[in-house]
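Asks: Got run17.csv for you, CSV, C-alpha atoms (C1' of nucleotides):
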```
chain,number,residue,atom,x,y,z
A,1,MET,CA,-0.9,-12.2,45.2
A,2,ALA,CA,1.1,-13.3,48.2
A,3,SER,CA,-0.9,-11.4,50.7
A,4,GLN,CA,-3.9,-13.6,50.0
A,5,ILE,CA,-2.1,-16.6,51.2
A,6,LYS,CA,-2.8,-17.3,54.9
A,7,LEU,CA,0.4,-18.3,56.6
A,8,SER,CA,0.5,-20.8,59.5
A,9,ASP,CA,1.3,-19.4,62.9
A,10,ALA,CA,4.8,-21.0,62.7
A,11,GLN,CA,5.4,-19.5,59.3
A,12,SER,CA,4.2,-16.1,60.5
A,13,VAL,CA,6.5,-16.2,63.5
A,14,GLN,CA,9.5,-17.4,61.4
A,15,TRP,CA,8.8,-14.6,59.0
A,16,LEU,CA,8.8,-12.1,61.8
A,17,LEU,CA,12.1,-13.4,63.3
A,18,THR,CA,13.7,-13.4,59.9
A,19,ARG,CA,12.5,-9.9,59.0
A,20,LEU,CA,13.7,-8.5,62.3
A,21,LEU,CA,17.0,-10.2,62.0
A,22,GLU,CA,17.5,-8.7,58.6
A,23,CYS,CA,16.7,-5.3,60.0
A,24,TYR,CA,18.5,-5.2,63.3
A,25,GLY,CA,20.9,-8.2,63.3
A,26,PRO,CA,21.5,-10.5,66.2
A,27,GLN,CA,21.0,-8.9,69.7
A,28,TYR,CA,23.3,-11.1,71.8
A,29,TRP,CA,20.9,-10.9,74.9
A,30,TRP,CA,20.8,-10.7,77.9
A,31,PRO,CA,23.3,-7.9,78.3
A,32,ALA,CA,25.0,-9.0,81.5
A,33,ASP,CA,28.2,-10.6,82.8
A,34,SER,CA,26.6,-13.4,84.8
A,35,ALA,CA,23.4,-15.3,85.4
A,36,PHE,CA,23.1,-13.5,88.8
A,37,GLU,CA,23.3,-10.1,87.1
A,38,ILE,CA,20.6,-11.2,84.7
A,39,MET,CA,18.2,-12.2,87.5
A,40,LEU,CA,18.7,-8.9,89.3
A,41,GLY,CA,18.3,-7.0,86.0
A,42,ALA,CA,15.0,-8.9,85.4
A,43,ILE,CA,13.6,-7.4,88.6
A,44,LEU,CA,15.2,-4.0,88.1
A,45,THR,CA,13.7,-3.5,84.6
A,46,GLN,CA,10.1,-4.0,85.8
A,47,ASN,CA,8.3,-1.0,84.3
A,48,ALA,CA,11.5,0.9,84.1
A,49,ALA,CA,13.7,2.3,81.3
A,50,TRP,CA,16.7,0.1,80.6
A,51,ILE,CA,19.1,3.1,80.8
A,52,ASN,CA,18.1,3.5,84.4
A,53,VAL,CA,18.6,-0.2,85.1
A,54,ILE,CA,22.2,0.2,83.8
A,55,LYS,CA,22.8,2.9,86.3
A,56,ALA,CA,21.5,0.8,89.2
A,57,ILE,CA,23.6,-2.2,88.0
A,58,ASN,CA,26.7,0.0,87.8
A,59,GLN,CA,26.1,1.2,91.4
A,60,LEU,CA,26.1,-2.4,92.5
A,61,LYS,CA,29.3,-3.0,90.5
A,62,ILE,CA,31.0,0.0,92.0
A,63,ALA,CA,30.0,-1.3,95.5
A,64,ASN,CA,31.4,-4.7,94.4
A,65,CYS,CA,28.1,-6.1,95.4
A,66,LEU,CA,26.9,-8.1,92.4
A,67,THR,CA,27.1,-11.4,94.3
A,68,LEU,CA,24.5,-13.3,96.3
A,69,ASP,CA,26.5,-13.1,99.5
A,70,CYS,CA,27.0,-9.3,99.3
A,71,ILE,CA,23.3,-8.6,98.4
A,72,ILE,CA,22.0,-10.8,101.2
A,73,ALA,CA,24.3,-9.0,103.7
A,74,LEU,CA,22.8,-5.5,102.9
A,75,SER,CA,20.0,-3.9,104.7
A,76,LYS,CA,16.9,-3.1,102.6
A,77,SER,CA,17.6,0.6,102.9
A,78,GLU,CA,21.3,0.1,101.8
A,79,LEU,CA,20.1,-2.0,98.8
A,80,ALA,CA,17.4,0.5,98.0
A,81,ALA,CA,20.0,3.4,97.9
A,82,LEU,CA,22.2,1.5,95.5
A,83,ILE,CA,19.4,0.7,93.0
A,84,GLN,CA,17.7,4.1,93.4
A,85,PRO,CA,18.1,5.1,89.7
A,86,ALA,CA,15.9,2.2,88.5
A,87,GLY,CA,12.8,3.6,90.3
A,88,TYR,CA,10.5,1.8,92.7
A,89,TYR,CA,13.6,1.2,94.7
A,90,ASN,CA,11.9,0.2,97.9
A,91,VAL,CA,9.7,-2.5,96.4
A,92,LYS,CA,12.5,-3.7,94.1
A,93,ALA,CA,15.0,-3.9,97.1
A,94,GLN,CA,12.4,-6.1,98.8
A,95,ARG,CA,11.9,-8.2,95.6
A,96,ILE,CA,15.7,-8.7,95.1
A,97,HIS,CA,16.0,-9.7,98.7
A,98,ASN,CA,13.2,-12.2,98.2
A,99,LEU,CA,14.9,-13.7,95.1
A,100,CYS,CA,18.2,-14.0,96.9
A,101,GLN,CA,16.6,-15.7,99.8
A,102,PHE,CA,15.1,-18.2,97.4
A,103,LEU,CA,18.5,-18.8,95.8
A,104,LEU,CA,20.1,-19.2,99.2
A,105,GLU,CA,17.4,-21.7,100.3
A,106,SER,CA,17.6,-23.7,97.1
A,107,GLY,CA,21.3,-24.6,97.2
A,108,ASP,CA,23.8,-23.2,94.7
A,109,PHE,CA,23.1,-22.2,91.1
A,110,SER,CA,24.3,-25.6,89.7
A,111,THR,CA,21.6,-27.2,91.8
A,112,LEU,CA,18.9,-25.1,90.2
A,113,GLN,CA,20.2,-25.9,86.8
A,114,GLN,CA,19.3,-29.5,87.4
A,115,TRP,CA,15.6,-28.7,88.0
A,116,GLU,CA,12.9,-29.3,85.5
A,117,THR,CA,11.8,-26.2,83.8
A,118,SER,CA,8.2,-26.4,85.1
A,119,LYS,CA,9.4,-27.0,88.6
A,120,LEU,CA,11.8,-24.0,88.4
A,121,ARG,CA,9.1,-21.8,86.9
A,122,SER,CA,6.7,-22.6,89.7
A,123,ALA,CA,9.3,-22.0,92.3
A,124,LEU,CA,10.2,-18.6,90.8
A,125,LEU,CA,6.6,-17.6,90.6
A,126,GLN,CA,6.2,-18.3,94.3
A,127,VAL,CA,8.8,-15.6,95.1
A,128,ASN,CA,6.9,-12.4,95.9
A,129,GLY,CA,7.8,-9.8,93.3
A,130,ILE,CA,8.5,-12.3,90.5
A,131,GLY,CA,5.6,-12.4,88.1
A,132,LEU,CA,5.1,-14.1,84.8
A,133,GLU,CA,7.4,-12.0,82.7
A,134,THR,CA,10.2,-11.7,85.2
A,135,ALA,CA,10.1,-15.5,85.8
A,136,ASP,CA,10.3,-16.2,82.1
A,137,ASP,CA,13.1,-13.6,81.7
A,138,ILE,CA,15.1,-15.6,84.3
A,139,LEU,CA,14.2,-19.0,82.8
A,140,LEU,CA,15.2,-18.0,79.2
A,141,TYR,CA,18.1,-15.7,79.8
A,142,ALA,CA,19.7,-17.0,83.0
A,143,PHE,CA,18.9,-20.7,82.6
A,144,ASP,CA,18.7,-21.0,78.8
A,145,ARG,CA,15.3,-22.7,79.0
A,146,PRO,CA,13.0,-22.7,76.0
A,147,VAL,CA,10.5,-20.3,77.5
A,148,PHE,CA,9.1,-17.3,75.5
A,149,VAL,CA,8.9,-14.0,77.3
A,150,VAL,CA,5.8,-12.0,76.7
A,151,ASP,CA,6.0,-8.2,77.3
A,152,THR,CA,4.0,-5.2,76.3
A,153,TYR,CA,5.9,-4.9,73.0
A,154,THR,CA,5.1,-8.5,72.2
A,155,ARG,CA,1.4,-7.8,72.8
A,156,ARG,CA,1.4,-4.7,70.6
A,157,ILE,CA,3.4,-5.9,67.7
A,158,GLY,CA,1.9,-9.4,67.7
A,159,SER,CA,-1.7,-8.2,67.9
A,160,ARG,CA,-1.1,-5.7,65.2
A,161,LEU,CA,0.2,-8.5,63.0
A,162,GLY,CA,-3.0,-10.3,63.7
A,163,LEU,CA,-1.3,-13.2,65.5
A,164,PHE,CA,-3.5,-12.9,68.6
A,165,LYS,CA,-5.8,-10.5,70.5
A,166,GLN,CA,-4.0,-7.9,72.5
A,167,GLN,CA,-6.0,-8.8,75.6
A,168,ALA,CA,-5.2,-12.5,75.3
A,169,PRO,CA,-3.9,-13.9,78.6
A,170,TYR,CA,-0.1,-14.1,79.1
A,171,GLU,CA,0.0,-17.9,79.0
A,172,ILE,CA,-1.9,-18.0,75.7
A,173,ILE,CA,0.5,-15.7,74.0
A,174,ARG,CA,3.5,-17.6,75.5
A,175,ALA,CA,2.1,-20.9,74.3
A,176,PHE,CA,1.6,-19.4,70.8
A,177,PHE,CA,5.2,-18.5,70.4
A,178,GLU,CA,6.6,-21.6,72.0
A,179,ALA,CA,4.5,-23.8,69.7
A,180,ALA,CA,5.6,-21.7,66.7
A,181,LEU,CA,9.3,-21.7,67.6
A,182,GLY,CA,9.5,-25.4,68.6
A,183,GLU,CA,11.3,-25.5,72.0
A,184,CYS,CA,14.3,-23.6,70.5
A,185,SER,CA,15.7,-21.4,73.3
A,186,ALA,CA,18.1,-19.6,70.9
A,187,ASN,CA,15.2,-18.5,68.7
A,188,MET,CA,13.1,-17.4,71.7
A,189,ASN,CA,16.1,-15.5,73.0
A,190,GLU,CA,16.6,-13.7,69.7
A,191,LEU,CA,12.9,-13.0,68.9
A,192,HIS,CA,12.1,-11.4,72.3
A,193,ALA,CA,15.3,-9.3,72.1
A,194,LEU,CA,14.5,-8.2,68.6
A,195,LEU,CA,10.9,-7.2,69.5
A,196,VAL,CA,12.3,-5.0,72.2
A,197,GLN,CA,14.9,-3.6,69.9
A,198,HIS,CA,12.3,-2.9,67.2
A,199,ALA,CA,10.0,-1.1,69.6
A,200,LYS,CA,12.8,1.0,71.1
A,201,GLN,CA,14.6,2.0,67.9
A,202,SER,CA,12.0,2.1,65.2
A,203,CYS,CA,8.6,3.8,64.8
A,204,HIS,CA,7.5,3.6,68.4
A,205,LYS,CA,6.0,7.0,68.7
A,206,VAL,CA,5.5,7.8,65.0
A,207,PRO,CA,2.1,6.6,63.5
A,208,GLN,CA,2.7,5.0,60.1
A,209,CYS,CA,6.4,5.4,60.4
A,210,SER,CA,7.8,5.2,56.8
A,211,LYS,CA,11.0,3.5,57.8
A,212,CYS,CA,9.3,0.8,59.9
A,213,CYS,CA,11.0,-2.5,59.4
A,214,LEU,CA,7.6,-4.3,59.4
A,215,LYS,CA,5.9,-1.8,57.1
A,216,SER,CA,2.1,-1.9,57.5
A,217,ALA,CA,2.4,-4.5,60.2
A,218,CYS,CA,3.9,-2.0,62.5
A,219,ILE,CA,1.3,0.7,63.1
A,220,TYR,CA,1.9,2.6,66.3
A,221,SER,CA,-1.3,4.6,66.0
A,222,THR,CA,-2.0,4.3,69.7
A,223,ILE,CA,0.2,3.7,72.7
B,1,DA,C1',3.7,19.6,81.8
B,2,DC,C1',2.7,15.1,80.2
B,3,DC,C1',3.8,10.3,78.7
B,4,DC,C1',6.1,6.3,79.0
B,5,DA,C1',9.6,2.8,80.3
B,6,DG,C1',12.1,-4.7,78.7
B,7,DG,C1',5.8,-5.2,85.8
B,8,DG,C1',3.9,-7.0,90.0
B,9,DT,C1',1.0,-7.0,94.2
B,10,DC,C1',-2.8,-6.2,96.7
B,11,DA,C1',-7.6,-4.8,97.7
B,12,DT,C1',-11.9,-4.7,95.8
B,13,DA,C1',-16.3,-6.1,93.1
C,1,DT,C1',-11.8,-12.6,86.2
C,2,DA,C1',-10.9,-7.9,85.9
C,3,DT,C1',-10.2,-3.3,87.1
C,4,DG,C1',-7.7,0.5,90.1
C,5,DA,C1',-4.1,2.2,93.3
C,6,DC,C1',0.4,2.0,94.3
C,7,DC,C1',5.3,1.9,93.7
C,8,DA,C1',9.3,6.3,91.5
C,9,DT,C1',13.2,7.5,88.4
C,10,DG,C1',14.6,9.9,84.2
C,11,DG,C1',14.4,10.8,79.1
C,12,DG,C1',11.7,12.6,75.1
```
Could you take the file, read its structure, and then write that structure out as structure tokens?

Replies:
Amino acid sequence: MASQIKLSDAQSVQWLLTRLLECYGPQYWWPADSAFEIMLGAILTQNAAWINVIKAINQLKIANCLTLDCIIALSKSELAALIQPAGYYNVKAQRIHNLCQFLLESGDFSTLQQWETSKLRSALLQVNGIGLETADDILLYAFDRPVFVVDTYTRRIGSRLGLFKQQAPYEIIRAFFEAALGECSANMNELHALLVQHAKQSCHKVPQCSKCCLKSACIYSTI
DNA sequence: ACCCAGGGTCATA
DNA sequence: TATGACCATGGG
């Protein structure tokens, strides 16, 4: 039967993408009105529920402060107060400030768009508060670079599918998906968004959830 | 009351 | 290289 056939990594990933698309449809990520908003959201969502990130973003919108010039003019305590609902507001205020300082020192956004992906990635990772996942969020969703974002959901779902070990290093998992998806930023955009959508709206907290889109591949027996 | 959420840094061994 | 402490809000 079909289950005895060992699919290649690329075939497995294509199956996963196709299956999730059938189940949830296209996700149209990242939900934001500008590249700058995406970059701030990438920091604000660190270990935080997205619903709380929306509240923080809305506070910035109400203050008419979703621009580089406005953010950079705020004190850290003022910025922290605005993003308070997202949690870790003191560290995130500092991290957002660090990012804005980097953007300011690097010229305008169109200048950064000219940079090679590897150069841009290295520069982002040098900003204190931007780690591997946040850098790749920014590269993929703000700069449309073919970089796959690895988060905890990716680890859980991918390892339960037998694609890689859950403890595998970040860069190994990233390379796995990038090789399988072939430098296609649109597919990387969609698959990461779908993995998040699947984890959020499906059988996340129900072991052996009967309505799980991935059936036996999705076994949330432990968190 | 407890667990977790679209992580990252820093100190320590 | 790999743990542990820390940051903090809000929903289930």

Asks: What is the CA of Pro85 in chain A-CA of Leu132 in chain A distance in Å, reported with one decimal?

Replies: 23.7 Å

Asks: Find the residues in chain B near chain A: any atom within 6 Å counts, using all atoms listed in the file. Write them as JSON, numbers by chain.

Replies: {"B": [5, 7, 8]}

Asks: Find the spatial neighbours of DC7 in chain C, counting only C-alpha atoms (C1' of nucleotides), within a cut-off of 10 Å - ignore same-chain residues fewer than 4 positions away - and output them as a list of chain:residue names.

Replies: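 In the requested format, the answer is A:Gly87, A:Tyr88, A:Tyr89, A:Asn90, A:Val91, A:Lys92, B:DG8, B:DT9.
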
Asks: Which chain C residues are at most 8 Å from chain A (counting only C-alpha atoms (C1' of nucleotides)), as a VMD selection string?

Replies: chain C and resid 7 to 10

Asks: Just how far from CA of Trp30 in chain A is CA of Thr18 in chain A, in Å to one decimal?

Replies: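 Interatomic distance here is 19.5 Å.
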
Asks: Which one is closest to Pro26 in chain A: A:Leu194, A:Glu78, A:Cys213, A:Ala199? Count only C-alpha atoms.

Replies: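 Checking each candidate against Pro26 in chain A, we get A:Leu194 as the closest.
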
Asks: One number please: C1' of DA11 in chain B to CA of Gln94 in chain A, in Å, one decimal.

Replies: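 Atom-to-atom, C1' of DA11 in chain B to CA of Gln94 in chain A, that is 20.1 Å.
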
Asks: My structure is short of atoms at range 59-85 of chain A; please model N, CA and C atoms there, returning them as a JSON list (two decimals), in the coordinates of the input.

Replies:
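Saved result, result.json, follows:
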```json
[["chain", "number", "residue", "atom", "x", "y", "z"],
["A", 59, "GLN", "N", 25.92, 0.92, 89.93],
["A", 59, "GLN", "CA", 26.10, 1.20, 91.40],
["A", 59, "GLN", "C", 26.45, -0.02, 92.14],
["A", 60, "LEU", "N", 25.79, -1.13, 91.80],
["A", 60, "LEU", "CA", 26.10, -2.40, 92.50],
["A", 60, "LEU", "C", 27.51, -2.85, 92.15],
["A", 61, "LYS", "N", 27.92, -2.65, 90.89],
["A", 61, "LYS", "CA", 29.30, -3.00, 90.50],
["A", 61, "LYS", "C", 30.32, -2.20, 91.23],
["A", 62, "ILE", "N", 30.08, -0.90, 91.31],
["A", 62, "ILE", "CA", 31.00, 0.00, 92.00],
["A", 62, "ILE", "C", 31.14, -0.41, 93.47],
["A", 63, "ALA", "N", 30.01, -0.83, 94.05],
["A", 63, "ALA", "CA", 30.00, -1.30, 95.50],
["A", 63, "ALA", "C", 30.56, -2.70, 95.57],
["A", 64, "ASN", "N", 30.94, -3.27, 94.42],
["A", 64, "ASN", "CA", 31.40, -4.70, 94.40],
["A", 64, "ASN", "C", 30.41, -5.60, 95.03],
["A", 65, "CYS", "N", 29.14, -5.38, 94.70],
["A", 65, "CYS", "CA", 28.10, -6.10, 95.40],
["A", 65, "CYS", "C", 27.14, -6.82, 94.41],
["A", 66, "LEU", "N", 27.72, -7.36, 93.34],
["A", 66, "LEU", "CA", 26.90, -8.10, 92.40],
["A", 66, "LEU", "C", 27.02, -9.59, 92.62],
["A", 67, "THR", "N", 27.02, -9.95, 93.89],
["A", 67, "THR", "CA", 27.10, -11.40, 94.30],
["A", 67, "THR", "C", 25.96, -11.64, 95.29],
["A", 68, "LEU", "N", 25.57, -12.89, 95.37],
["A", 68, "LEU", "CA", 24.50, -13.30, 96.30],
["A", 68, "LEU", "C", 24.90, -12.97, 97.75],
["A", 69, "ASP", "N", 26.12, -13.31, 98.11],
["A", 69, "ASP", "CA", 26.50, -13.10, 99.50],
["A", 69, "ASP", "C", 26.52, -11.62, 99.89],
["A", 70, "CYS", "N", 26.94, -10.77, 98.96],
["A", 70, "CYS", "CA", 27.00, -9.30, 99.30],
["A", 70, "CYS", "C", 25.56, -8.77, 99.40],
["A", 71, "ILE", "N", 24.70, -9.11, 98.42],
["A", 71, "ILE", "CA", 23.30, -8.60, 98.40],
["A", 71, "ILE", "C", 22.60, -9.00, 99.70],
["A", 72, "ILE", "N", 22.76, -10.24, 100.07],
["A", 72, "ILE", "CA", 22.00, -10.80, 101.20],
["A", 72, "ILE", "C", 22.48, -10.11, 102.52],
["A", 73, "ALA", "N", 23.72, -9.59, 102.52],
["A", 73, "ALA", "CA", 24.30, -9.00, 103.70],
["A", 73, "ALA", "C", 23.82, -7.51, 103.87],
["A", 74, "LEU", "N", 23.28, -6.93, 102.80],
["A", 74, "LEU", "CA", 22.80, -5.50, 102.90],
["A", 74, "LEU", "C", 21.51, -5.40, 103.56],
["A", 75, "SER", "N", 21.30, -4.26, 104.22],
["A", 75, "SER", "CA", 20.00, -3.90, 104.70],
["A", 75, "SER", "C", 19.13, -3.49, 103.53],
["A", 76, "LYS", "N", 17.81, -3.50, 103.71],
["A", 76, "LYS", "CA", 16.90, -3.10, 102.60],
["A", 76, "LYS", "C", 17.14, -1.65, 102.22],
["A", 77, "SER", "N", 17.43, -0.80, 103.19],
["A", 77, "SER", "CA", 17.60, 0.60, 102.90],
["A", 77, "SER", "C", 18.97, 0.80, 102.14],
["A", 78, "GLU", "N", 19.98, 0.02, 102.49],
["A", 78, "GLU", "CA", 21.30, 0.10, 101.80],
["A", 78, "GLU", "C", 21.10, -0.36, 100.34],
["A", 79, "LEU", "N", 20.38, -1.46, 100.17],
["A", 79, "LEU", "CA", 20.10, -2.00, 98.80],
["A", 79, "LEU", "C", 19.31, -0.99, 98.01],
["A", 80, "ALA", "N", 18.28, -0.43, 98.65],
["A", 80, "ALA", "CA", 17.40, 0.50, 98.00],
["A", 80, "ALA", "C", 18.22, 1.74, 97.49],
["A", 81, "ALA", "N", 19.16, 2.20, 98.29],
["A", 81, "ALA", "CA", 20.00, 3.40, 97.90],
["A", 81, "ALA", "C", 20.83, 3.05, 96.70],
["A", 82, "LEU", "N", 21.35, 1.83, 96.63],
["A", 82, "LEU", "CA", 22.20, 1.50, 95.50],
["A", 82, "LEU", "C", 21.43, 1.37, 94.19],
["A", 83, "ILE", "N", 20.20, 0.88, 94.25],
["A", 83, "ILE", "CA", 19.40, 0.70, 93.00],
["A", 83, "ILE", "C", 18.48, 1.85, 92.74],
["A", 84, "GLN", "N", 18.63, 2.93, 93.46],
["A", 84, "GLN", "CA", 17.70, 4.10, 93.40],
["A", 84, "GLN", "C", 17.42, 4.55, 91.95],
["A", 85, "PRO", "N", 18.39, 4.62, 91.04],
["A", 85, "PRO", "CA", 18.10, 5.10, 89.70],
["A", 85, "PRO", "C", 17.04, 4.31, 88.93]]
```
